[in-house]
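**Q** query_38.cif is reproduced below (mmCIF, C-alpha atoms and all ligand atoms).
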data_query
#
loop_
_atom_site.label_atom_id
_atom_site.label_comp_id
_atom_site.auth_asym_id
_atom_site.auth_seq_id
_atom_site.Cartn_x
_atom_site.Cartn_y
_atom_site.Cartn_z
CA MET H 409 103.65 79.38 95.08
CA THR H 410 102.39 82.05 92.67
CA VAL H 411 102.49 85.49 94.26
CA ARG H 412 100.24 88.13 92.88
CA TYR H 413 100.87 91.04 95.28
CA ARG H 414 103.86 93.16 96.23
CA GLN H 415 102.16 94.91 99.18
CA VAL H 416 99.63 93.35 101.53
CA THR H 417 97.93 95.29 104.33
CA PHE H 418 96.39 93.31 107.17
CA TYR H 419 93.92 95.05 109.45
CA TYR H 420 92.51 93.03 112.31
CA TYR H 421 89.93 93.58 115.02
CA THR H 422 90.20 91.31 118.04
CA GLY H 423 89.00 90.71 121.59
CA SER H 424 90.64 87.57 122.91
CA GLY H 425 93.31 87.26 120.22
CA ASN H 426 91.73 84.76 117.77
CA SER H 427 91.41 87.14 114.83
CA ARG H 428 94.84 88.59 115.46
CA ARG H 429 96.30 85.07 115.45
CA VAL H 430 94.64 84.21 112.13
CA ALA H 431 95.82 87.51 110.62
CA ALA H 432 99.35 86.83 111.92
CA TRP H 433 99.44 83.36 110.29
CA MET H 434 98.38 84.93 107.00
CA ALA H 435 100.89 87.77 107.33
CA ASP H 436 103.70 85.27 107.96
CA ALA H 437 102.70 83.36 104.82
CA VAL H 438 102.90 86.58 102.78
CA ARG H 439 106.23 87.57 104.31
CA ALA H 440 107.68 84.19 103.38
CA THR H 441 107.09 85.14 99.73
CA GLY H 442 109.15 88.33 100.11
CA SER H 443 106.19 90.70 99.69
CA ALA H 444 105.86 93.73 101.96
CA VAL H 445 103.39 93.43 104.85
CA ILE H 446 101.63 95.98 107.04
CA PHE H 447 100.02 94.40 110.09
CA SER H 448 97.92 96.57 112.32
CA PRO H 449 94.85 96.59 114.54
CA LEU H 450 91.95 98.51 113.05
CA GLN H 451 92.11 101.16 115.75
CA SER H 452 95.68 102.21 114.89
CA ALA H 453 95.22 101.91 111.15
CA ASN H 454 96.26 104.64 108.76
CA PRO H 455 94.51 103.45 105.59
CA ALA H 456 95.31 106.52 103.49
CA ASP H 457 99.02 105.55 103.64
CA ASP H 458 98.81 101.80 104.31
CA VAL H 459 96.41 100.57 101.65
CA GLY H 460 98.12 100.30 98.29
CA HIS H 461 96.72 101.23 94.89
CA GLY H 462 96.21 99.00 91.90
CA GLU H 463 96.82 95.43 90.92
CA ASN H 464 99.86 94.70 93.07
CA ALA H 465 98.19 95.66 96.34
CA LEU H 466 95.89 93.64 98.58
CA LEU H 467 93.89 94.62 101.67
CA VAL H 468 92.90 91.86 104.13
CA LEU H 469 90.40 92.48 106.94
CA VAL H 470 90.18 89.91 109.76
CA MET H 471 87.54 90.14 112.49
CA PRO H 472 85.44 88.05 114.87
CA THR H 473 81.79 87.26 114.21
CA HIS H 474 79.37 88.91 116.61
CA ALA H 475 75.73 87.77 116.49
CA PHE H 476 76.01 86.30 112.99
CA THR H 477 77.42 89.48 111.51
CA ALA H 478 80.40 91.85 111.62
CA PRO H 479 81.02 93.90 114.79
CA TRP H 480 79.77 97.47 114.50
CA ALA H 481 83.32 98.87 114.78
CA VAL H 482 84.37 96.88 111.71
CA LEU H 483 81.37 98.03 109.65
CA ARG H 484 82.10 101.62 110.64
CA PHE H 485 85.78 101.21 109.78
CA ALA H 486 84.95 99.72 106.35
CA LEU H 487 82.59 102.63 105.66
CA GLY H 488 85.41 105.08 106.45
CA LEU H 489 88.05 103.40 104.22
CA PRO H 490 89.37 105.45 101.30
CA ARG H 491 88.06 104.54 97.83
CA ARG H 492 90.46 102.33 95.88
CA LYS H 493 89.40 101.44 92.41
CA GLY H 494 90.83 98.08 91.36
CA THR H 495 92.67 97.24 94.61
CA ASP H 496 92.02 93.63 95.65
CA ALA H 497 90.56 92.82 99.06
CA ALA H 498 89.84 89.72 101.14
CA VAL H 499 87.57 89.50 104.19
CA VAL H 500 87.98 86.82 106.86
CA ALA H 501 85.71 86.28 109.87
CA THR H 502 86.77 84.06 112.76
CA ARG H 503 83.87 82.12 114.24
CA GLY H 504 83.27 80.43 117.55
CA GLY H 505 83.92 76.72 117.20
CA LEU H 506 82.77 74.51 120.09
CA LYS H 507 83.18 70.90 121.18
CA ILE H 508 80.03 69.32 122.53
CA GLY H 509 80.81 65.87 123.90
CA GLN H 510 83.07 64.31 121.30
CA LEU H 511 81.66 66.45 118.51
CA TYR H 512 83.33 69.59 117.14
CA THR H 513 80.65 72.04 116.05
CA PRO H 514 81.49 74.87 113.64
CA GLY H 515 80.61 78.49 114.30
CA PHE H 516 78.40 80.48 111.96
CA GLU H 517 79.55 83.79 110.48
CA GLY H 518 76.23 84.65 108.78
CA THR H 519 76.55 88.00 107.01
CA ALA H 520 79.85 89.01 108.68
CA THR H 521 82.08 88.73 105.62
CA SER H 522 79.43 89.54 103.01
CA LEU H 523 78.35 92.83 104.60
CA VAL H 524 81.94 94.05 104.82
CA ALA H 525 82.61 92.79 101.30
CA LEU H 526 79.62 94.75 99.99
CA ILE H 527 80.89 97.95 101.61
CA LEU H 528 84.36 97.40 100.12
CA ALA H 529 82.91 96.68 96.68
CA ALA H 530 80.90 99.92 96.87
CA LYS H 531 84.21 101.70 97.52
CA GLY H 532 85.75 100.31 94.36
CA TYR H 533 87.76 97.39 95.86
CA ARG H 534 87.75 94.10 93.96
CA VAL H 535 86.77 91.64 96.66
CA GLN H 536 88.42 88.41 95.59
CA SER H 537 87.82 86.24 98.66
CA THR H 538 85.65 85.87 101.78
CA GLU H 539 86.02 83.07 104.30
CA GLY H 540 85.10 81.98 107.82
CA ILE H 541 87.65 80.25 110.08
CA ASP H 542 86.64 78.37 113.25
CA MET H 543 88.63 79.35 116.30
CA PRO H 544 87.58 78.42 119.86
CA SER H 545 84.51 80.40 120.93
CA ASN H 546 85.40 83.26 123.26
CA TRP H 547 81.86 84.19 124.35
CA THR H 548 82.45 83.33 127.99
CA ALA H 549 79.65 85.57 129.21
CA LEU H 550 77.40 82.90 127.70
CA HIS H 551 79.25 79.61 128.09
CA PRO H 552 82.41 78.29 129.75
CA ALA H 553 85.56 78.17 127.64
CA LEU H 554 86.53 74.82 126.20
CA PRO H 555 89.16 72.71 127.95
CA ARG H 556 92.71 73.20 126.68
CA ARG H 557 92.82 69.98 124.62
CA ALA H 558 89.73 71.00 122.67
CA VAL H 559 91.12 74.54 122.24
CA ASP H 560 94.38 73.14 120.86
CA GLY H 561 92.47 70.82 118.50
CA ILE H 562 90.40 73.66 117.05
CA ILE H 563 93.41 75.98 116.69
CA ASP H 564 95.39 73.24 114.96
CA HIS H 565 92.62 72.78 112.45
CA ALA H 566 92.27 76.55 111.99
CA GLN H 567 95.99 76.92 111.31
CA ARG H 568 95.84 74.33 108.54
CA LYS H 569 92.77 75.92 106.97
CA THR H 570 94.39 79.37 107.18
CA ALA H 571 97.53 78.06 105.43
CA ARG H 572 95.39 76.85 102.50
CA LEU H 573 93.43 80.09 102.44
CA SER H 574 96.60 82.20 102.52
CA ALA H 575 98.02 80.33 99.52
CA GLU H 576 94.79 80.93 97.61
CA ILE H 577 94.59 84.60 98.52
CA ILE H 578 98.27 85.28 97.74
CA SER H 579 97.85 83.74 94.29
CA GLY H 580 94.88 86.00 93.61
CA ALA H 581 92.51 83.07 93.03
CA PRO H 582 88.89 83.99 93.74
CA GLY H 583 87.33 82.16 96.71
CA PHE H 584 83.85 82.51 98.16
CA ALA H 585 83.49 79.14 99.86
CA ASN H 586 81.24 80.61 102.55
CA TRP H 587 78.42 81.83 100.27
CA ARG H 588 75.95 79.42 101.96
CA ALA H 589 76.65 81.00 105.35
CA SER H 590 76.02 84.43 103.80
CA LEU H 591 72.67 83.28 102.41
CA LEU H 592 71.61 81.78 105.73
CA GLY H 593 72.89 84.93 107.40
CA VAL H 594 70.30 86.95 105.50
CA LEU H 595 67.58 84.82 107.14
CA VAL H 596 68.88 85.66 110.61
CA LEU H 597 69.55 89.30 109.72
CA PRO H 598 66.75 90.49 112.07
CA LEU H 599 68.68 88.90 114.96
CA SER H 600 71.92 90.52 113.82
CA LEU H 601 70.21 93.91 113.49
CA GLY H 602 68.63 93.49 116.92
CA TYR H 603 72.12 92.88 118.30
CA LEU H 604 73.66 95.89 116.51
CA LEU H 605 70.82 98.23 117.50
CA CYS H 606 70.15 97.10 121.08
CA GLY H 607 71.65 93.77 122.12
CA ARG H 608 75.26 94.93 122.32
CA PHE H 609 74.30 97.73 124.71
CA PHE H 610 72.36 95.27 126.85
CA LEU H 611 75.32 92.87 127.05
CA ALA H 612 77.73 95.70 127.91
CA LYS H 613 75.82 96.50 131.06
CA LEU H 614 75.85 92.96 132.40
CA PHE H 615 79.56 93.06 133.22
CA PHE H 616 80.74 93.73 136.75
CA ALA H 617 83.83 93.12 138.88
CA SER H 618 83.59 90.76 141.84
CA ASP H 619 85.34 91.30 145.17
CA ASP H 620 88.37 89.53 143.69
CA CYS H 621 89.12 92.76 141.78
CA THR H 622 92.38 94.33 142.93
CA GLY H 623 91.87 97.59 141.06
CA CYS H 624 94.93 96.90 138.88
CA ARG H 625 93.32 98.87 135.94
CA LEU H 626 94.42 96.35 133.30
CA CYS H 627 90.89 95.82 131.97
CA ALA H 628 90.32 99.54 131.42
CA GLU H 629 93.78 100.18 129.99
CA ARG H 630 93.60 97.28 127.53
CA CYS H 631 90.01 97.78 126.42
CA PRO H 632 90.41 98.84 122.79
CA ASN H 633 87.05 100.60 122.82
CA ASP H 634 87.70 102.62 125.94
CA GLY H 635 84.59 100.85 127.21
CA ILE H 636 85.54 100.62 130.90
CA ALA H 637 85.59 103.57 133.26
CA LEU H 638 87.32 103.29 136.63
CA TRP H 639 85.54 104.61 139.69
CA ASP H 640 87.37 105.34 142.88
CA ASP H 641 84.66 105.27 145.54
CA GLY H 642 87.10 106.00 148.36
CA VAL H 643 87.23 102.34 149.39
CA ALA H 644 88.39 100.71 146.17
CA ILE H 645 88.88 101.31 142.46
CA ARG H 646 86.17 99.53 140.50
CA PRO H 647 85.67 99.11 136.77
CA TYR H 648 82.36 100.30 135.30
CA TRP H 649 81.29 99.12 131.84
CA THR H 650 79.93 101.88 129.61
CA PHE H 651 77.82 101.65 126.46
CA ARG H 652 81.05 101.89 124.46
CA CYS H 653 81.79 98.27 125.48
CA GLN H 654 81.47 95.98 122.45
CA SER H 655 81.58 92.65 124.33
CA ARG H 656 84.94 91.76 122.90
CA MET H 657 85.60 89.72 126.07
CA ARG H 658 89.16 90.94 126.49
CA CYS H 659 88.54 92.09 130.07
CA MET H 660 87.12 88.72 131.02
CA ALA H 661 89.92 86.89 129.24
CA TYR H 662 92.89 88.78 130.67
CA CYS H 663 91.83 89.88 134.17
CA PRO H 664 94.60 88.42 136.36
CA THR H 665 92.20 87.50 139.18
CA GLN H 666 89.26 86.40 136.98
CA ALA H 667 87.19 89.09 138.67
CA VAL H 668 85.21 90.09 135.57
CA GLU H 669 81.77 88.48 135.57
CA ALA H 670 78.57 88.94 133.56
CA SER H 671 75.49 89.08 135.76
CA HIS H 672 72.93 86.49 134.67
CA MET H 673 70.68 87.62 137.54
CA LEU H 674 70.61 91.20 136.21
CA ALA H 675 69.91 89.89 132.70
CA ALA H 676 66.96 87.80 133.93
CA VAL H 677 65.48 90.62 136.03
CA VAL H 678 65.74 93.22 133.25
CA LEU H 679 64.38 90.87 130.58
CA LEU H 680 61.44 89.94 132.83
CA LEU H 681 60.67 93.56 133.65
CA ALA H 682 61.17 94.77 130.08
CA GLY H 683 59.00 91.90 128.79
CA SER H 684 56.11 92.97 131.01
CA LEU H 685 56.39 96.70 130.33
CA PRO H 686 53.05 98.10 129.10
CA THR H 687 54.79 100.08 126.32
CA GLY H 688 51.80 99.79 123.94
CA VAL H 689 49.26 101.05 126.49
CA ALA H 690 51.56 103.87 127.60
CA LEU H 691 52.09 104.93 123.96
CA SER H 692 48.31 104.99 123.19
CA ARG H 693 47.65 107.10 126.30
CA LEU H 694 50.51 109.47 125.51
CA THR H 695 49.48 110.05 121.88
CA ALA H 696 45.81 110.49 122.88
CA TRP H 697 46.94 113.12 125.36
CA ILE H 698 49.50 114.85 123.09
CA PRO H 699 48.35 114.24 119.46
CA SER H 700 51.47 115.86 117.99
CA LEU H 701 53.41 112.81 119.24
CA ARG H 702 51.44 110.49 116.94
CA PHE H 703 54.55 110.00 114.79
CA LEU H 704 55.86 107.78 117.64
CA ARG H 705 53.36 105.14 116.50
CA MET H 706 55.38 104.69 113.32
CA ILE H 707 58.37 103.44 115.31
CA PRO H 708 58.31 99.63 115.45
CA ARG H 709 56.98 98.43 118.81
CA TRP H 710 60.08 96.31 119.51
CA VAL H 711 62.35 99.35 119.13
CA LEU H 712 60.29 101.20 121.75
CA HIS H 713 60.29 98.13 123.96
CA TRP H 714 64.04 97.68 123.73
CA GLY H 715 64.64 101.41 124.16
CA THR H 716 62.64 101.39 127.38
CA GLY H 717 64.38 98.15 128.37
CA LEU H 718 67.79 99.79 127.89
CA ALA H 719 66.78 102.78 129.99
CA LEU H 720 65.65 100.34 132.66
CA LEU H 721 68.92 98.45 132.35
CA THR H 722 70.98 101.62 132.81
CA ALA H 723 69.03 102.44 135.96
CA ALA H 724 69.41 98.85 137.19
CA TYR H 725 73.13 98.92 136.45
CA ARG H 726 73.58 102.13 138.45
CA LEU H 727 71.70 100.56 141.33
CA SER H 728 73.65 97.33 141.07
CA HIS H 729 76.91 99.28 141.14
CA PHE H 730 75.82 100.87 144.35
CA LEU H 731 74.97 97.40 145.77
CA LEU H 732 78.24 95.92 144.52
CA ARG H 733 80.19 98.22 146.81
CA SER H 734 78.96 96.30 149.84
CA ARG H 735 80.32 92.83 150.56
CA ALA H 736 76.82 91.35 150.80
CA GLY H 737 75.73 92.92 147.49
CA ASN H 738 78.89 91.78 145.74
CA TRP H 739 78.45 88.27 147.14
CA LEU H 740 74.86 88.16 145.85
CA PHE H 741 75.82 89.23 142.31
CA THR H 742 78.86 86.96 142.20
CA HIS H 743 76.90 83.91 143.34
CA THR H 744 73.91 84.40 141.06
CA THR H 745 75.86 84.25 137.82
CA LEU H 746 77.09 81.12 136.13
CA THR H 747 80.17 82.95 134.83
CA HIS H 748 81.68 82.66 138.32
CA ALA H 749 82.17 78.96 137.58
CA TYR H 750 83.14 79.39 133.94
CA ARG H 751 86.62 78.79 132.58
CA ARG H 752 87.94 81.90 130.74
CA TYR H 753 89.25 81.89 127.19
CA ARG H 754 92.05 83.69 125.44
CA GLU H 755 94.01 82.63 122.42
CA PRO H 756 96.82 80.66 124.12
CA SER H 757 99.81 82.25 122.38
CA THR H 758 98.57 85.86 122.51
CA ARG H 759 99.95 87.85 125.43
CA VAL H 760 98.30 90.96 126.74
CA GLU H 761 101.33 92.98 125.53
CA ASP H 762 100.53 91.87 121.98
CA LEU H 763 97.23 93.78 122.18
CA TRP H 764 98.33 97.37 121.82
CA GLU H 765 95.52 99.16 120.01
CA ARG H 766 95.72 102.26 122.16
CA GLU H 767 99.50 102.59 122.12
CA PRO H 768 101.90 103.47 119.30
CA PRO H 769 102.56 100.32 117.26
CA PRO H 770 105.79 98.45 118.04
CA ASP H 771 108.08 98.80 114.97
CA GLY H 772 105.38 100.67 113.08
CA GLY H 773 103.07 97.65 112.93
CA ARG H 774 105.44 95.72 110.69
CA SER H 775 105.67 92.77 113.08
CA SER H 776 103.00 90.14 113.66
CA ARG H 777 104.75 88.30 116.49
C1 LIG H 801 79.24 88.97 121.68
C2 LIG H 801 79.73 87.80 120.88
C3 LIG H 801 78.96 87.28 119.84
C4 LIG H 801 79.41 86.17 119.10
N1 LIG H 801 78.63 85.71 118.08
C5 LIG H 801 79.07 84.67 117.32
C6 LIG H 801 78.30 84.19 116.21
O1 LIG H 801 77.23 84.70 115.88
N2 LIG H 801 78.79 83.15 115.49
C7 LIG H 801 79.99 82.55 115.79
O2 LIG H 801 80.38 81.60 115.11
N3 LIG H 801 80.75 83.00 116.82
C8 LIG H 801 80.32 84.03 117.59
N4 LIG H 801 81.10 84.51 118.63
C9 LIG H 801 82.44 83.89 118.87
C10 LIG H 801 83.58 84.71 118.25
O3 LIG H 801 83.23 85.23 116.98
C11 LIG H 801 84.84 83.87 118.05
O4 LIG H 801 85.21 83.20 119.21
C12 LIG H 801 85.99 84.73 117.53
O5 LIG H 801 87.01 83.89 117.07
C13 LIG H 801 86.56 85.67 118.58
O6 LIG H 801 87.63 86.38 117.99
P1 LIG H 801 88.54 87.45 118.75
O7 LIG H 801 89.28 86.69 119.84
O8 LIG H 801 89.46 87.92 117.70
O9 LIG H 801 87.66 88.50 119.28
C14 LIG H 801 80.67 85.57 119.40
C15 LIG H 801 81.44 86.10 120.45
C16 LIG H 801 80.98 87.19 121.18
C17 LIG H 801 81.83 87.72 122.30
S1 LIG H 802 91.65 93.61 135.33
FE1 LIG H 802 90.44 92.54 136.90
S2 LIG H 802 91.51 93.00 138.84
FE2 LIG H 802 92.25 94.51 137.34
S3 LIG H 802 90.82 96.31 137.60
FE3 LIG H 802 89.94 95.01 135.95
S4 LIG H 802 88.49 93.67 137.04
FE4 LIG H 802 89.85 94.53 138.62
#
Is it possible to express this structure as structure tokens?
**A**
Amino acid sequence: MTVRYRQVTFYYYTGSGNSRRVAAWMADAVRATGSAVIFSPLQSANPADDVGHGENALLVLVMPTHAFTAPWAVLRFALGLPRRKGTDAAVVATRGGLKIGQLYTPGFEGTATSLVALILAAKGYRVQSTEGIDMPSNWTALHPALPRRAVDGIIDHAQRKTARLSAEIISGAPGFANWRASLLGVLVLPLSLGYLLCGRFFLAKLFFASDDCTGCRLCAERCPNDGIALWDDGVAIRPYWTFRCQSRMRCMAYCPTQAVEASHMLAAVVLLLAGSLPTGVALSRLTAWIPSLRFLRMIPRWVLHWGTGLALLTAAYRLSHFLLRSRAGNWLFTHTTLTHAYRRYREPSTRVEDLWEREPPPDGGRSSR
């Protein structure tokens, strides 16, 4: 195998372990060639030291797809990377593959890789490859996880595709096989933007812990975004999802008692209420009354609608937290969400100890085991 690089830096962003697994397969392929590897989650990255300069260095970013684009944390990270003129880069997005009946359906990464690639190119990197890899979908707030056989089938396929991709990337051959997904992604960009601006906050507030919660703290301690606060209400310790939550699904995947649920009842109530809010009428009255607020009319109506919806959601979440303290309230929430019956998903060979974003890296991040 031709090897183009002497130093390869892998940065990954992961919730349930899929993207870490793909990055680890790639890192192992590079190590087998004798090149030096740095393997680190985004949150513990030290790009100024880790990312090499010039032709012999390569930076690889691996992330999940969220709402047909890159997660906000990855976009922000890419924007903060140091400029590197002439350093090669590759961007890989894992997607949510599913099996419906006997049919395997691929995920769709949309603009995930292309947006990050554009940011890297603007920083002087030479993006030589972008690709999407199907791993089992981890969005278990939306649908149940696949049965183990289907999970194993998808992972097997992903491992073979990653081996081919690694060989291509290591040799420095250009590869943009997913350009069609990027083009289609532009068409659904309004959905992706809606998710980045509002949707992710909405989803964050749907999470709650059922009465099966033992207060073990694992979800809060392992949340890489620090998105879960623990409340001790004198009776029990309960997790509380803040707007920092990025729906990575790690809490749902690794909770030892499967106590983390997403309330479909709360989603329905808030969407119904927000949908019937008279935002337009209220805005006309307000600007007629205080003319200096006329500039508010320039804000797109849907932004105002969603903004009000989020305020409503926060209030509803506070109220629901109060209700969840009582057995009857908790029973109601737990039995009005489909997630209570859903199978959870986590990448089968990734243990919770492997996910150490908020701790010092074991052996300086050199290991991908
Ligand atoms: C909030 C959310 C949104 C998602 N959106 C998409 C999507 O638009 N397209 C897709 O193919 N997969 C989507 N997925 C599935 C994940 O991208 C996929 O399962 C990924 O491999 C998870 O990687 P991780 O375990 O490293 O976080 C979504 C998952 C979540 C939690
Ligand atoms: S991991 Fe599960 S049991 Fe532990 S505190 Fe979080 S919700 Fe409760």
**Q** Using Å and a single decimal, report how far atom CA of Pro514 of chain H sits from atom CA of Pro449 of chain H.
**A**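 Rounded to one decimal, the two atoms are 25.5 Å apart.
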**Q** Point out the residue among H:Leu550, H:Cys606, H:Leu694, H:Leu614 with the least atom-to-atom distance to ligand LIG 801 (chain H), counting only C-alpha atoms and all ligand atoms.
**A**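 The closest residue to ligand LIG 801 (chain H) is H:Leu550.
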**Q** Need the axis-aligned box for ligand LIG 801 (chain H) with 5 Å each side, so what are the centre and edges in Å to one decimal, as lines of an AutoDock Vina configuration file?
**A**
center_x = 83.3
center_y = 85.3
center_z = 118.7
size_x = 22.2
size_y = 17.4
size_z = 17.2
**Q** Please compute the atom CA of Ala628 of chain H-atom CA of Arg646 of chain H distance, one decimal, in Å.
**A**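 Separation between atom CA of Ala628 of chain H and atom CA of Arg646 of chain H: 10.0 Å.
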**Q** Figure out the distance between atom CA of Arg503 of chain H and atom CA of Asp542 of chain H, please, to one decimal in Å.
**A**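 Atom CA of Arg503 of chain H lies 4.8 Å from atom CA of Asp542 of chain H.
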**Q** Which residues, written as a count of residues only, have at least one atom at most 12 Å from Ser600 of chain H, with all atoms listed in the file counted and residues fewer than 3 positions away on the same chain left out?
**A** 25
**Q** Given the choices H:Cys631, H:Leu467, H:Ala571, H:Leu712, which gets closest to Tyr413 of chain H if the distance is worked out from only C-alpha atoms?
**A**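 Ranked by minimum distance to Tyr413 of chain H, first place goes to H:Leu467.
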**Q** Using all atoms listed in the file, which protein or nucleic acid residues come within 7 Å of Lys507 of chain H? Drop anything in the same chain fewer than 5 positions from it, and give the result as a PyMOL selection string.
**A** chain H and resi 512-513+558
**Q** Do you know which residues are within 10 Å of ligand LIG 802 (chain H) using only C-alpha atoms and all ligand atoms? Can you write them as a ChimeraX atom specification?
**A** /H:615-631,636-638,644-648,658-669
**Q** For ligand LIG 801 (chain H), which of H:Val430, H:Ala690, H:Leu732, H:Val416 is the closest residue, counting all atoms listed in the file?
**A**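 Result for the nearest residue to ligand LIG 801 (chain H): H:Val430.
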**Q** Just want the 7 Å neighbourhood of Val500 of chain H, counted on only C-alpha atoms, with same-chain residues fewer than 4 positions away dropped. Output as a list in words.
**A**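 My list of contacting residues is Leu469, Val470, Met471, Thr521, Thr538, Glu539 and Gly540 of chain H.
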**Q** Using only C-alpha atoms and all ligand atoms, which residue out of H:Thr495, H:Ser443, H:Thr502, H:Gln654 lies closest to ligand LIG 801 (chain H)?
**A** H:Thr502
**Q** At a cut-off of 6 Å and counting all atoms listed in the file, what residues surround ligand LIG 801 (chain H)? Please answer as a list of chain:residue names.
**A** H:Thr422, H:Gly423, H:Ser424, H:Gly425, H:Asn426, H:Ser427, H:Arg428, H:Met471, H:Pro472, H:Thr473, H:His474, H:Ala475, H:Phe476, H:Thr502, H:Arg503, H:Gly504, H:Gly515, H:Phe516, H:Glu517, H:Met543, H:Pro544, H:Ser545, H:Asn546, H:Trp547, H:Ser655, H:Arg656, H:Met657
**Q** Rank nothing, just name the residue among H:Tyr419, H:Phe741, H:Trp764, H:Trp649 nearest to His672 of chain H, using all atoms listed in the file.
**A**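 Closest candidate: H:Phe741.
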